[in-house]
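**Student:** Enclosed is the structure file work39.cif (mmCIF, C-alpha atoms).
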```
data_run
loop_
_atom_site.group_PDB
_atom_site.id
_atom_site.type_symbol
_atom_site.label_atom_id
_atom_site.label_comp_id
_atom_site.auth_asym_id
_atom_site.auth_seq_id
_atom_site.Cartn_x
_atom_site.Cartn_y
_atom_site.Cartn_z
ATOM 1 C CA MET A 300 -211.353 -88.865 -8.773
ATOM 2 C CA ARG A 301 -211.039 -85.376 -10.222
ATOM 3 C CA GLN A 302 -212.722 -83.412 -7.421
ATOM 4 C CA PRO A 303 -210.202 -84.490 -4.756
ATOM 5 C CA VAL A 304 -207.403 -83.310 -7.053
ATOM 6 C CA ILE A 305 -209.151 -79.952 -7.661
ATOM 7 C CA SER A 306 -209.590 -79.535 -3.910
ATOM 8 C CA LEU A 307 -205.916 -80.245 -3.192
ATOM 9 C CA LEU A 308 -204.713 -77.908 -5.971
ATOM 10 C CA SER A 309 -207.129 -75.156 -4.963
ATOM 11 C CA GLY A 310 -205.961 -75.456 -1.358
ATOM 12 C CA ALA A 311 -202.313 -75.292 -2.449
ATOM 13 C CA LEU A 312 -202.881 -72.137 -4.519
ATOM 14 C CA PHE A 313 -204.811 -70.652 -1.597
ATOM 15 C CA GLY A 314 -202.035 -71.421 0.886
ATOM 16 C CA ALA A 315 -199.348 -70.083 -1.471
ATOM 17 C CA GLY A 316 -201.350 -66.883 -1.915
ATOM 18 C CA LEU A 317 -201.754 -66.452 1.840
ATOM 19 C CA ALA A 318 -198.023 -66.978 2.430
ATOM 20 C CA ILE A 319 -196.937 -64.532 -0.311
ATOM 21 C CA SER A 320 -199.476 -61.832 0.507
ATOM 22 C CA GLY A 321 -198.448 -61.181 4.107
ATOM 23 C CA MET A 322 -201.851 -62.324 5.382
ATOM 24 C CA MET A 323 -200.257 -64.996 7.584
ATOM 25 C CA ASP A 324 -198.911 -62.137 9.714
ATOM 26 C CA PRO A 325 -201.617 -61.377 12.316
ATOM 27 C CA LYS A 326 -200.015 -58.028 13.109
ATOM 28 C CA ARG A 327 -200.332 -56.944 9.481
ATOM 29 C CA VAL A 328 -203.983 -58.049 9.341
ATOM 30 C CA ARG A 329 -204.635 -56.215 12.596
ATOM 31 C CA GLY A 330 -202.871 -53.240 10.995
ATOM 32 C CA PHE A 331 -205.460 -53.213 8.206
ATOM 33 C CA LEU A 332 -208.214 -52.860 10.793
ATOM 34 C CA ASP A 333 -206.261 -50.163 12.677
ATOM 35 C CA ILE A 334 -207.509 -47.276 10.538
ATOM 36 C CA PHE A 335 -207.272 -44.761 13.410
ATOM 37 C CA GLY A 336 -203.699 -45.827 14.167
ATOM 38 C CA ASP A 337 -200.852 -47.148 12.038
ATOM 39 C CA TRP A 338 -202.933 -48.294 9.055
ATOM 40 C CA ASP A 339 -201.533 -51.033 6.792
ATOM 41 C CA PRO A 340 -203.484 -51.195 3.510
ATOM 42 C CA THR A 341 -201.935 -54.498 2.304
ATOM 43 C CA LEU A 342 -205.115 -56.532 2.894
ATOM 44 C CA ALA A 343 -207.003 -54.275 0.478
ATOM 45 C CA PHE A 344 -204.561 -55.262 -2.301
ATOM 46 C CA VAL A 345 -204.992 -58.950 -1.450
ATOM 47 C CA MET A 346 -208.780 -58.674 -1.482
ATOM 48 C CA GLY A 347 -208.639 -56.588 -4.675
ATOM 49 C CA GLY A 348 -206.446 -59.097 -6.530
ATOM 50 C CA ALA A 349 -208.588 -62.049 -5.460
ATOM 51 C CA VAL A 350 -211.883 -60.314 -6.283
ATOM 52 C CA LEU A 351 -210.627 -59.257 -9.755
ATOM 53 C CA VAL A 352 -209.814 -62.863 -10.669
ATOM 54 C CA MET A 353 -213.122 -64.068 -9.240
ATOM 55 C CA VAL A 354 -215.162 -61.478 -11.162
ATOM 56 C CA ALA A 355 -213.770 -63.076 -14.328
ATOM 57 C CA ALA A 356 -214.447 -66.556 -12.941
ATOM 58 C CA TRP A 357 -218.102 -65.739 -12.178
ATOM 59 C CA SER A 358 -218.636 -64.360 -15.688
ATOM 60 C CA LEU A 359 -217.272 -67.651 -17.078
ATOM 61 C CA GLN A 360 -219.397 -69.614 -14.615
ATOM 62 C CA ARG A 361 -222.577 -67.990 -15.935
ATOM 63 C CA ARG A 362 -221.806 -69.417 -19.377
ATOM 64 C CA LEU A 363 -221.267 -72.967 -18.128
ATOM 65 C CA ILE A 364 -224.047 -75.523 -17.820
ATOM 66 C CA LYS A 365 -221.991 -77.537 -15.352
ATOM 67 C CA PRO A 366 -218.550 -77.372 -13.731
ATOM 68 C CA VAL A 367 -215.662 -78.797 -15.751
ATOM 69 C CA PHE A 368 -215.048 -81.747 -13.398
ATOM 70 C CA ALA A 369 -218.413 -82.190 -11.645
ATOM 71 C CA ASN A 370 -222.039 -82.712 -12.627
ATOM 72 C CA THR A 371 -223.675 -79.759 -10.899
ATOM 73 C CA PHE A 372 -222.922 -76.415 -9.329
ATOM 74 C CA ASN A 373 -223.336 -76.456 -5.527
ATOM 75 C CA LEU A 374 -223.616 -72.734 -4.861
ATOM 76 C CA PRO A 375 -225.350 -70.761 -2.094
ATOM 77 C CA GLY A 376 -228.728 -69.636 -3.382
ATOM 78 C CA THR A 377 -230.048 -67.787 -0.383
ATOM 79 C CA GLN A 378 -230.624 -64.032 -0.625
ATOM 80 C CA LEU A 379 -231.786 -63.727 2.962
ATOM 81 C CA ILE A 380 -230.459 -60.801 4.950
ATOM 82 C CA ASP A 381 -231.234 -61.503 8.586
ATOM 83 C CA ARG A 382 -229.953 -61.082 12.130
ATOM 84 C CA LYS A 383 -227.839 -64.245 11.842
ATOM 85 C CA LEU A 384 -225.892 -62.827 8.899
ATOM 86 C CA ILE A 385 -225.264 -59.507 10.642
ATOM 87 C CA GLY A 386 -224.714 -60.965 14.115
ATOM 88 C CA GLY A 387 -222.331 -63.570 12.727
ATOM 89 C CA GLY A 388 -220.425 -60.850 10.876
ATOM 90 C CA VAL A 389 -220.178 -58.695 14.004
ATOM 91 C CA LEU A 390 -218.866 -61.636 16.052
ATOM 92 C CA PHE A 391 -216.415 -62.725 13.374
ATOM 93 C CA GLY A 392 -215.052 -59.159 13.209
ATOM 94 C CA VAL A 393 -214.535 -59.078 16.991
ATOM 95 C CA GLY A 394 -212.514 -62.317 16.969
ATOM 96 C CA TRP A 395 -210.605 -61.224 13.853
ATOM 97 C CA GLY A 396 -209.680 -57.920 15.481
ATOM 98 C CA LEU A 397 -208.671 -59.535 18.787
ATOM 99 C CA ALA A 398 -206.276 -62.114 17.324
ATOM 100 C CA GLY A 399 -205.540 -60.793 13.816
ATOM 101 C CA LEU A 400 -206.468 -64.197 12.421
ATOM 102 C CA CYS A 401 -209.269 -65.545 10.243
ATOM 103 C CA PRO A 402 -209.708 -69.243 9.381
ATOM 104 C CA GLY A 403 -207.468 -69.505 6.266
ATOM 105 C CA PRO A 404 -204.368 -67.776 7.641
ATOM 106 C CA ALA A 405 -204.823 -69.557 10.992
ATOM 107 C CA ILE A 406 -204.606 -72.944 9.260
ATOM 108 C CA GLY A 407 -201.603 -71.839 7.185
ATOM 109 C CA ALA A 408 -199.952 -70.507 10.346
ATOM 110 C CA LEU A 409 -199.594 -74.090 11.631
ATOM 111 C CA ILE A 410 -196.347 -74.237 9.627
ATOM 112 C CA ILE A 411 -194.813 -71.085 11.140
ATOM 113 C CA GLU A 412 -196.320 -70.693 14.625
ATOM 114 C CA PRO A 413 -197.763 -74.131 15.401
ATOM 115 C CA LEU A 414 -198.548 -73.502 19.068
ATOM 116 C CA SER A 415 -200.324 -70.156 18.599
ATOM 117 C CA ALA A 416 -202.145 -71.434 15.509
ATOM 118 C CA ALA A 417 -203.252 -74.587 17.338
ATOM 119 C CA ILE A 418 -204.638 -72.575 20.273
ATOM 120 C CA PHE A 419 -206.602 -70.370 17.879
ATOM 121 C CA LEU A 420 -207.817 -73.278 15.717
ATOM 122 C CA GLY A 421 -208.781 -75.472 18.683
ATOM 123 C CA SER A 422 -210.862 -72.613 20.065
ATOM 124 C CA MET A 423 -212.311 -71.929 16.616
ATOM 125 C CA LEU A 424 -213.492 -75.526 16.271
ATOM 126 C CA LEU A 425 -214.978 -75.309 19.763
ATOM 127 C CA GLY A 426 -216.813 -72.149 18.695
ATOM 128 C CA MET A 427 -218.128 -73.932 15.602
ATOM 129 C CA ALA A 428 -219.251 -76.887 17.722
ATOM 130 C CA LEU A 429 -220.988 -74.535 20.184
ATOM 131 C CA HIS A 430 -222.840 -72.889 17.296
ATOM 132 C CA ARG A 431 -223.937 -76.286 16.073
ATOM 133 C CA ALA A 432 -225.067 -77.320 19.557
ATOM 134 C CA ALA A 433 -226.948 -74.023 20.001
ATOM 135 C CA LYS A 434 -228.991 -74.866 16.867
ATOM 136 C CA LEU A 435 -229.249 -71.189 15.909
ATOM 137 C CA MET B 73 -192.197 -52.037 -3.870
ATOM 138 C CA THR B 74 -193.532 -49.670 -1.251
ATOM 139 C CA LEU B 75 -196.551 -47.464 -1.097
ATOM 140 C CA PRO B 76 -195.970 -43.740 -0.489
ATOM 141 C CA GLY B 77 -196.988 -42.930 3.058
ATOM 142 C CA PHE B 78 -197.144 -46.606 4.087
ATOM 143 C CA PRO B 79 -193.545 -47.877 4.356
ATOM 144 C CA ASP B 80 -194.594 -51.232 5.858
ATOM 145 C CA ALA B 81 -197.286 -52.085 3.302
ATOM 146 C CA MET B 82 -196.616 -54.782 0.698
ATOM 147 C CA PRO B 83 -198.853 -53.800 -2.241
ATOM 148 C CA ALA B 84 -197.101 -55.938 -4.881
ATOM 149 C CA GLU B 85 -196.881 -59.061 -2.716
ATOM 150 C CA GLY B 86 -200.448 -58.465 -1.581
ATOM 151 C CA LEU B 87 -201.737 -58.195 -5.127
ATOM 152 C CA LEU B 88 -199.802 -61.272 -6.290
ATOM 153 C CA GLY B 89 -200.952 -63.314 -3.300
ATOM 154 C CA GLY B 90 -204.488 -62.062 -3.826
ATOM 155 C CA VAL B 91 -204.421 -63.170 -7.477
ATOM 156 C CA LEU B 92 -203.298 -66.647 -6.342
ATOM 157 C CA ILE B 93 -206.137 -66.778 -3.807
ATOM 158 C CA GLY B 94 -208.511 -65.696 -6.583
ATOM 159 C CA LEU B 95 -207.177 -68.452 -8.858
ATOM 160 C CA ALA B 96 -207.668 -70.966 -6.036
ATOM 161 C CA ALA B 97 -211.298 -69.894 -5.675
ATOM 162 C CA ALA B 98 -211.778 -69.831 -9.473
ATOM 163 C CA LEU B 99 -210.424 -73.378 -9.778
ATOM 164 C CA MET B 100 -212.829 -74.572 -7.091
ATOM 165 C CA LEU B 101 -215.782 -72.755 -8.710
ATOM 166 C CA LEU B 102 -215.193 -73.726 -12.332
ATOM 167 C CA GLY B 103 -213.696 -77.160 -11.631
ATOM 168 C CA SER B 104 -215.881 -78.474 -8.814
ATOM 169 C CA GLY B 105 -218.771 -76.001 -8.826
ATOM 170 C CA ARG B 106 -218.212 -74.962 -5.237
ATOM 171 C CA ILE B 107 -217.322 -71.932 -3.121
ATOM 172 C CA ALA B 108 -213.799 -71.937 -1.657
ATOM 173 C CA GLY B 109 -214.874 -70.728 1.770
ATOM 174 C CA VAL B 110 -212.341 -71.763 4.378
ATOM 175 C CA SER B 111 -214.596 -71.563 7.460
ATOM 176 C CA GLY B 112 -217.171 -73.807 5.766
ATOM 177 C CA ILE B 113 -214.554 -76.260 4.517
ATOM 178 C CA ALA B 114 -212.878 -76.414 7.948
ATOM 179 C CA ALA B 115 -216.224 -77.036 9.663
ATOM 180 C CA ARG B 116 -216.997 -79.750 7.123
ATOM 181 C CA ALA B 117 -213.612 -81.443 7.648
ATOM 182 C CA PHE B 118 -214.501 -81.869 11.336
ATOM 183 C CA ALA B 119 -218.089 -82.921 10.551
ATOM 184 C CA LEU B 120 -219.373 -79.726 12.190
ATOM 185 C CA SER B 121 -221.583 -78.786 9.263
ATOM 186 C CA LYS B 122 -224.035 -80.341 6.883
ATOM 187 C CA SER B 123 -222.812 -80.015 3.326
ATOM 188 C CA SER B 124 -222.646 -82.083 0.171
ATOM 189 C CA LEU B 125 -218.862 -81.657 0.244
ATOM 190 C CA PRO B 126 -217.353 -85.080 1.036
ATOM 191 C CA ILE B 127 -215.329 -84.895 4.266
ATOM 192 C CA PRO B 128 -212.132 -86.348 2.684
ATOM 193 C CA VAL B 129 -212.331 -83.715 -0.077
ATOM 194 C CA ALA B 130 -212.537 -81.000 2.608
ATOM 195 C CA TRP B 131 -209.417 -82.459 4.246
ATOM 196 C CA LEU B 132 -207.582 -82.404 0.918
ATOM 197 C CA PHE B 133 -208.252 -78.658 0.605
ATOM 198 C CA LEU B 134 -206.851 -78.065 4.097
ATOM 199 C CA ALA B 135 -203.828 -80.287 3.358
ATOM 200 C CA GLY B 136 -203.261 -78.368 0.117
ATOM 201 C CA LEU B 137 -203.437 -75.070 1.983
ATOM 202 C CA LEU B 138 -200.714 -76.230 4.381
ATOM 203 C CA LEU B 139 -198.630 -77.592 1.507
ATOM 204 C CA GLY B 140 -198.875 -74.365 -0.526
ATOM 205 C CA ALA B 141 -197.979 -72.205 2.461
ATOM 206 C CA PHE B 142 -195.099 -74.547 3.360
ATOM 207 C CA LEU B 143 -193.639 -74.530 -0.177
ATOM 208 C CA ILE B 144 -193.607 -70.713 -0.286
ATOM 209 C CA HIS B 145 -192.196 -70.459 3.241
ATOM 210 C CA ALA B 146 -189.465 -73.055 2.646
ATOM 211 C CA PHE B 147 -188.426 -72.347 -0.942
ATOM 212 C CA VAL B 148 -189.586 -68.881 -2.042
ATOM 213 C CA ALA B 149 -189.758 -66.378 0.785
ATOM 214 C CA PRO B 150 -189.863 -67.104 4.529
ATOM 215 C CA VAL B 151 -193.125 -65.858 6.017
ATOM 216 C CA GLN B 152 -192.552 -62.955 8.413
ATOM 217 C CA SER B 153 -195.080 -62.722 11.198
ATOM 218 C CA THR B 154 -195.860 -61.331 14.631
ATOM 219 C CA PHE B 155 -198.448 -63.219 16.651
ATOM 220 C CA PRO B 156 -200.310 -62.028 19.742
ATOM 221 C CA ASN B 157 -198.282 -63.151 22.746
ATOM 222 C CA SER B 158 -201.417 -63.745 24.786
ATOM 223 C CA VAL B 159 -203.048 -67.168 24.988
ATOM 224 C CA ALA B 160 -206.248 -65.447 26.133
ATOM 225 C CA LEU B 161 -206.430 -63.301 22.980
ATOM 226 C CA LEU B 162 -205.773 -66.306 20.724
ATOM 227 C CA ALA B 163 -208.319 -68.497 22.511
ATOM 228 C CA ALA B 164 -211.017 -65.821 22.746
ATOM 229 C CA GLY B 165 -210.398 -64.748 19.148
ATOM 230 C CA GLY B 166 -210.624 -68.322 17.882
ATOM 231 C CA LEU B 167 -213.790 -69.089 19.832
ATOM 232 C CA ILE B 168 -215.599 -65.988 18.570
ATOM 233 C CA VAL B 169 -214.366 -66.463 14.984
ATOM 234 C CA GLY B 170 -215.595 -70.071 15.007
ATOM 235 C CA PHE B 171 -219.048 -69.215 16.339
ATOM 236 C CA GLY B 172 -219.401 -66.059 14.227
ATOM 237 C CA THR B 173 -218.354 -67.558 10.899
ATOM 238 C CA ARG B 174 -220.868 -70.387 11.269
ATOM 239 C CA MET B 175 -223.639 -68.031 12.370
ATOM 240 C CA GLY B 176 -222.904 -65.651 9.492
ATOM 241 C CA SER B 177 -222.304 -68.475 6.977
ATOM 242 C CA GLY B 178 -218.823 -67.411 5.936
ATOM 243 C CA CYS B 179 -215.590 -65.563 6.483
ATOM 244 C CA THR B 180 -213.095 -63.489 4.500
ATOM 245 C CA SER B 181 -212.838 -66.080 1.724
ATOM 246 C CA GLY B 182 -216.462 -67.151 1.277
ATOM 247 C CA HIS B 183 -218.144 -63.754 1.729
ATOM 248 C CA GLY B 184 -215.163 -61.474 1.068
ATOM 249 C CA VAL B 185 -213.627 -63.073 -2.025
ATOM 250 C CA CYS B 186 -216.266 -65.377 -3.533
ATOM 251 C CA GLY B 187 -219.455 -63.548 -2.554
ATOM 252 C CA MET B 188 -218.405 -59.950 -3.180
ATOM 253 C CA SER B 189 -217.077 -60.822 -6.644
ATOM 254 C CA ARG B 190 -220.480 -62.422 -7.378
ATOM 255 C CA LEU B 191 -222.093 -59.110 -6.312
ATOM 256 C CA SER B 192 -224.086 -60.982 -3.679
ATOM 257 C CA PRO B 193 -225.839 -58.393 -1.466
ATOM 258 C CA ARG B 194 -225.625 -60.849 1.443
ATOM 259 C CA SER B 195 -221.866 -61.206 1.132
ATOM 260 C CA LEU B 196 -221.355 -57.496 0.560
ATOM 261 C CA LEU B 197 -223.244 -56.726 3.766
ATOM 262 C CA ALA B 198 -221.461 -59.496 5.701
ATOM 263 C CA THR B 199 -218.058 -58.224 4.565
ATOM 264 C CA ILE B 200 -218.817 -54.605 5.446
ATOM 265 C CA THR B 201 -220.102 -55.824 8.826
ATOM 266 C CA PHE B 202 -217.065 -57.885 9.795
ATOM 267 C CA ILE B 203 -214.586 -55.255 8.617
ATOM 268 C CA ALA B 204 -216.455 -52.527 10.544
ATOM 269 C CA SER B 205 -216.663 -54.761 13.612
ATOM 270 C CA GLY B 206 -212.944 -55.556 13.315
ATOM 271 C CA ILE B 207 -212.096 -51.850 13.081
ATOM 272 C CA VAL B 208 -214.119 -51.057 16.211
ATOM 273 C CA THR B 209 -212.557 -54.023 18.041
ATOM 274 C CA VAL B 210 -209.006 -52.945 17.203
ATOM 275 C CA ALA B 211 -209.742 -49.333 18.191
ATOM 276 C CA LEU B 212 -211.223 -50.507 21.518
ATOM 277 C CA THR B 213 -208.345 -52.874 22.268
ATOM 278 C CA ASN B 214 -205.894 -50.057 21.497
ATOM 279 C CA ALA B 215 -207.744 -47.797 23.928
ATOM 280 C CA LEU B 216 -207.643 -50.549 26.558
ATOM 281 C CA GLY B 217 -203.906 -51.032 26.056
ATOM 282 C CA TRP B 218 -204.285 -54.551 24.596
ATOM 283 C CA ALA B 219 -202.396 -53.732 21.407
ATOM 284 C CA TRP B 220 -199.649 -56.186 20.503
#
```
For this file, produce the structure as structure tokens.

**Tutor:**
Amino acid sequence: MRQPVISLLSGALFGAGLAISGMMDPKRVRGFLDIFGDWDPTLAFVMGGAVLVMVAAWSLQRRLIKPVFANTFNLPGTQLIDRKLIGGGVLFGVGWGLAGLCPGPAIGALIIEPLSAAIFLGSMLLGMALHRAAKL
Amino acid sequence: MTLPGFPDAMPAEGLLGGVLIGLAAALMLLGSGRIAGVSGIAARAFALSKSSLPIPVAWLFLAGLLLGAFLIHAFVAPVQSTFPNSVALLAAGGLIVGFGTRMGSGCTSGHGVCGMSRLSPRSLLATITFIASGIVTVALTNALGWAW
């Protein structure tokens, strides 16, 4: 029963962080990518704060035999750098730049701009389903 | 707090929010042994990916995300935002983000936060790629007059 609770709490911290950080504002996120225009560096502070905490978390993780509330670590082990990784990154960046939204903020945005968020998320799920159907 | 030269930036709020996002990912990693990658969790919630993450547990993360955002918005500080006013931009953006994040195995949270902090070369490259691609996209849309 502990993993569902961890998941809920982790999601709540994540959503609170998104709401405080300004990342639920697509214009601000777009502003971070607008380096030749009116650049807004806020996203760099968000990424920096999150990465700092996670650097500490990874160094703790390396000393653990197993997670505190689970039996094994389920972590990505692949080191493969291939066309899927790069192509996926290029595509993700295009969509991110067009709408100013990535998956986390888009889900959080359901509470402030439900219609816009739902259009984005519905299309996102369709995109995920198309990828699955394409069996790439 | 403002940043000299960038009157609209929110460095303090950004850093604080970023620390909370980092704590969220740390809790998931150290508590459940998993990566808090939102694109992967969202795909799993809708049974669009194979993963050992139980579907109800994926839904709880998404419910928590909405709850956390709602609590801040309602009781701490209302979220200010400007959305694109074009359905086409939202729909096209969503479609490409969905396909791309599955193809590239992650988004800003999985590659950007969890992978970069692990010094994963894969995640580092993915993050550089999607930021560069986003920069080019925004520059092109500005040139085309699609800025919003």

**Student:** Go through chain B and flag each residue having an atom no more than 6 Å from chain A; for those, report the closest pair of atoms plus their distance in Å to one decimal, using all atoms listed in the file, ordered by chain and rising number, as a Markdown table.

**Tutor:**
```
| residue | atom | partner | partner_atom | distance |
| --- | --- | --- | --- | --- |
| B:Ala81 | CA | A:Thr341 | CA | 5.3 |
| B:Met82 | CA | A:Thr341 | CA | 5.6 |
| B:Pro83 | CA | A:Thr341 | CA | 5.5 |
| B:Glu85 | CA | A:Ser320 | CA | 5.0 |
| B:Gly86 | CA | A:Ser320 | CA | 4.1 |
| B:Leu87 | CA | A:Phe344 | CA | 5.0 |
| B:Gly89 | CA | A:Gly316 | CA | 3.8 |
| B:Gly90 | CA | A:Val345 | CA | 3.9 |
| B:Val91 | CA | A:Gly348 | CA | 4.6 |
| B:Leu92 | CA | A:Gly316 | CA | 4.8 |
| B:Ile93 | CA | A:Phe313 | CA | 4.7 |
| B:Gly94 | CA | A:Ala349 | CA | 3.8 |
| B:Ala96 | CA | A:Ser309 | CA | 4.4 |
| B:Ala98 | CA | A:Ala356 | CA | 5.5 |
| B:Leu102 | CA | A:Pro366 | CA | 5.1 |
| B:Gly103 | CA | A:Val367 | CA | 4.8 |
| B:Ser104 | CA | A:Ala369 | CA | 5.3 |
| B:Gly105 | CA | A:Phe372 | CA | 4.2 |
| B:Arg106 | CA | A:Asn373 | CA | 5.3 |
| B:Val110 | CA | A:Gly403 | CA | 5.7 |
| B:Ser111 | CA | A:Pro402 | CA | 5.7 |
| B:Val129 | CA | A:Pro303 | CA | 5.2 |
| B:Leu132 | CA | A:Leu307 | CA | 4.9 |
| B:Phe133 | CA | A:Gly310 | CA | 4.4 |
| B:Gly136 | CA | A:Ala311 | CA | 4.1 |
| B:Leu137 | CA | A:Gly314 | CA | 4.1 |
| B:Leu138 | CA | A:Gly407 | CA | 5.3 |
| B:Leu139 | CA | A:Ala311 | CA | 5.9 |
| B:Gly140 | CA | A:Ala311 | CA | 4.0 |
| B:Ala141 | CA | A:Gly314 | CA | 4.4 |
| B:Ile144 | CA | A:Ala315 | CA | 5.9 |
| B:Ser153 | CA | A:Asp324 | CA | 4.1 |
| B:Thr154 | CA | A:Lys326 | CA | 5.5 |
| B:Phe155 | CA | A:Pro325 | CA | 5.7 |
| B:Leu161 | CA | A:Ala398 | CA | 5.8 |
| B:Leu162 | CA | A:Phe419 | CA | 5.0 |
| B:Ala163 | CA | A:Phe419 | CA | 5.3 |
| B:Gly165 | CA | A:Gly394 | CA | 3.9 |
| B:Gly166 | CA | A:Met423 | CA | 4.2 |
| B:Leu167 | CA | A:Gly426 | CA | 4.4 |
| B:Ile168 | CA | A:Gly394 | CA | 5.1 |
| B:Val169 | CA | A:Phe391 | CA | 4.6 |
| B:Gly170 | CA | A:Met423 | CA | 4.1 |
| B:Phe171 | CA | A:Gly426 | CA | 4.4 |
| B:Gly172 | CA | A:Gly387 | CA | 4.1 |
| B:Thr173 | CA | A:Phe391 | CA | 5.8 |
| B:Met175 | CA | A:Gly387 | CA | 4.7 |
| B:Gly176 | CA | A:Gly387 | CA | 3.9 |
| B:Val185 | CA | A:Val350 | CA | 5.4 |
| B:Ser189 | CA | A:Val354 | CA | 5.0 |
| B:Arg194 | CA | A:Ile380 | CA | 6.0 |
| B:Ala198 | CA | A:Gly388 | CA | 5.4 |
| B:Thr201 | CA | A:Gly388 | CA | 5.4 |
| B:Phe202 | CA | A:Gly392 | CA | 4.2 |
| B:Ser205 | CA | A:Gly392 | CA | 4.7 |
| B:Gly206 | CA | A:Gly392 | CA | 4.2 |
| B:Ile207 | CA | A:Leu332 | CA | 4.6 |
| B:Thr209 | CA | A:Gly396 | CA | 5.5 |
| B:Val210 | CA | A:Gly396 | CA | 5.3 |
```

**Student:** Write the residues of the selection above to a file with C-alpha atoms, as an mmCIF file, in the coordinates of the input.

**Tutor:**
```cif
data_model
loop_
_atom_site.group_PDB
_atom_site.id
_atom_site.type_symbol
_atom_site.label_atom_id
_atom_site.label_comp_id
_atom_site.auth_asym_id
_atom_site.auth_seq_id
_atom_site.Cartn_x
_atom_site.Cartn_y
_atom_site.Cartn_z
ATOM 1 C CA ALA B 81 -197.286 -52.085 3.302
ATOM 2 C CA MET B 82 -196.616 -54.782 0.698
ATOM 3 C CA PRO B 83 -198.853 -53.800 -2.241
ATOM 4 C CA GLU B 85 -196.881 -59.061 -2.716
ATOM 5 C CA GLY B 86 -200.448 -58.465 -1.581
ATOM 6 C CA LEU B 87 -201.737 -58.195 -5.127
ATOM 7 C CA GLY B 89 -200.952 -63.314 -3.300
ATOM 8 C CA GLY B 90 -204.488 -62.062 -3.826
ATOM 9 C CA VAL B 91 -204.421 -63.170 -7.477
ATOM 10 C CA LEU B 92 -203.298 -66.647 -6.342
ATOM 11 C CA ILE B 93 -206.137 -66.778 -3.807
ATOM 12 C CA GLY B 94 -208.511 -65.696 -6.583
ATOM 13 C CA ALA B 96 -207.668 -70.966 -6.036
ATOM 14 C CA ALA B 98 -211.778 -69.831 -9.473
ATOM 15 C CA LEU B 102 -215.193 -73.726 -12.332
ATOM 16 C CA GLY B 103 -213.696 -77.160 -11.631
ATOM 17 C CA SER B 104 -215.881 -78.474 -8.814
ATOM 18 C CA GLY B 105 -218.771 -76.001 -8.826
ATOM 19 C CA ARG B 106 -218.212 -74.962 -5.237
ATOM 20 C CA VAL B 110 -212.341 -71.763 4.378
ATOM 21 C CA SER B 111 -214.596 -71.563 7.460
ATOM 22 C CA VAL B 129 -212.331 -83.715 -0.077
ATOM 23 C CA LEU B 132 -207.582 -82.404 0.918
ATOM 24 C CA PHE B 133 -208.252 -78.658 0.605
ATOM 25 C CA GLY B 136 -203.261 -78.368 0.117
ATOM 26 C CA LEU B 137 -203.437 -75.070 1.983
ATOM 27 C CA LEU B 138 -200.714 -76.230 4.381
ATOM 28 C CA LEU B 139 -198.630 -77.592 1.507
ATOM 29 C CA GLY B 140 -198.875 -74.365 -0.526
ATOM 30 C CA ALA B 141 -197.979 -72.205 2.461
ATOM 31 C CA ILE B 144 -193.607 -70.713 -0.286
ATOM 32 C CA SER B 153 -195.080 -62.722 11.198
ATOM 33 C CA THR B 154 -195.860 -61.331 14.631
ATOM 34 C CA PHE B 155 -198.448 -63.219 16.651
ATOM 35 C CA LEU B 161 -206.430 -63.301 22.980
ATOM 36 C CA LEU B 162 -205.773 -66.306 20.724
ATOM 37 C CA ALA B 163 -208.319 -68.497 22.511
ATOM 38 C CA GLY B 165 -210.398 -64.748 19.148
ATOM 39 C CA GLY B 166 -210.624 -68.322 17.882
ATOM 40 C CA LEU B 167 -213.790 -69.089 19.832
ATOM 41 C CA ILE B 168 -215.599 -65.988 18.570
ATOM 42 C CA VAL B 169 -214.366 -66.463 14.984
ATOM 43 C CA GLY B 170 -215.595 -70.071 15.007
ATOM 44 C CA PHE B 171 -219.048 -69.215 16.339
ATOM 45 C CA GLY B 172 -219.401 -66.059 14.227
ATOM 46 C CA THR B 173 -218.354 -67.558 10.899
ATOM 47 C CA MET B 175 -223.639 -68.031 12.370
ATOM 48 C CA GLY B 176 -222.904 -65.651 9.492
ATOM 49 C CA VAL B 185 -213.627 -63.073 -2.025
ATOM 50 C CA SER B 189 -217.077 -60.822 -6.644
ATOM 51 C CA ARG B 194 -225.625 -60.849 1.443
ATOM 52 C CA ALA B 198 -221.461 -59.496 5.701
ATOM 53 C CA THR B 201 -220.102 -55.824 8.826
ATOM 54 C CA PHE B 202 -217.065 -57.885 9.795
ATOM 55 C CA SER B 205 -216.663 -54.761 13.612
ATOM 56 C CA GLY B 206 -212.944 -55.556 13.315
ATOM 57 C CA ILE B 207 -212.096 -51.850 13.081
ATOM 58 C CA THR B 209 -212.557 -54.023 18.041
ATOM 59 C CA VAL B 210 -209.006 -52.945 17.203
#
```

**Student:** Just the residues within 8 Å of B:Thr199, please, counting all atoms listed in the file, with nothing from its chain fewer than 5 positions along; format it as a PyMOL selection string.

**Tutor:** (chain A and resi 388) or (chain B and resi 179-180+183-184+188)

**Student:** Where's the centre, and what are the edge lengths in Å to one decimal, of a box along x, y and z enclosing all listed atoms of stretch 82-91 of chain B padded 5 Å per side, as AutoDock Vina command-line options?

**Tutor:**
```
--center_x -200.6 --center_y -58.6 --center_z -3.4 --size_x 17.9 --size_y 19.5 --size_z 18.2
```

**Student:** Between atom CA of B:Pro150 and atom CA of B:Leu75, what distance in Å does the model show, to one decimal?

**Tutor:**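 A separation of 21.5 Å between them.
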
**Student:** Find the residues around B:Ala114 up to 8 Å (all atoms listed in the file counted), leave out those fewer than 6 positions away in its own chain, and share them as a list in words.

**Tutor:**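 Surrounding residues, per the criterion: Pro402 of chain A; Ala130, Trp131 and Leu134 of chain B.
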
**Student:** Pick the closest to B:Ser181 from B:Ala108, B:Leu99, B:Leu125, B:Met73: which is it, counting only C-alpha atoms?

**Tutor:** B:Ala108
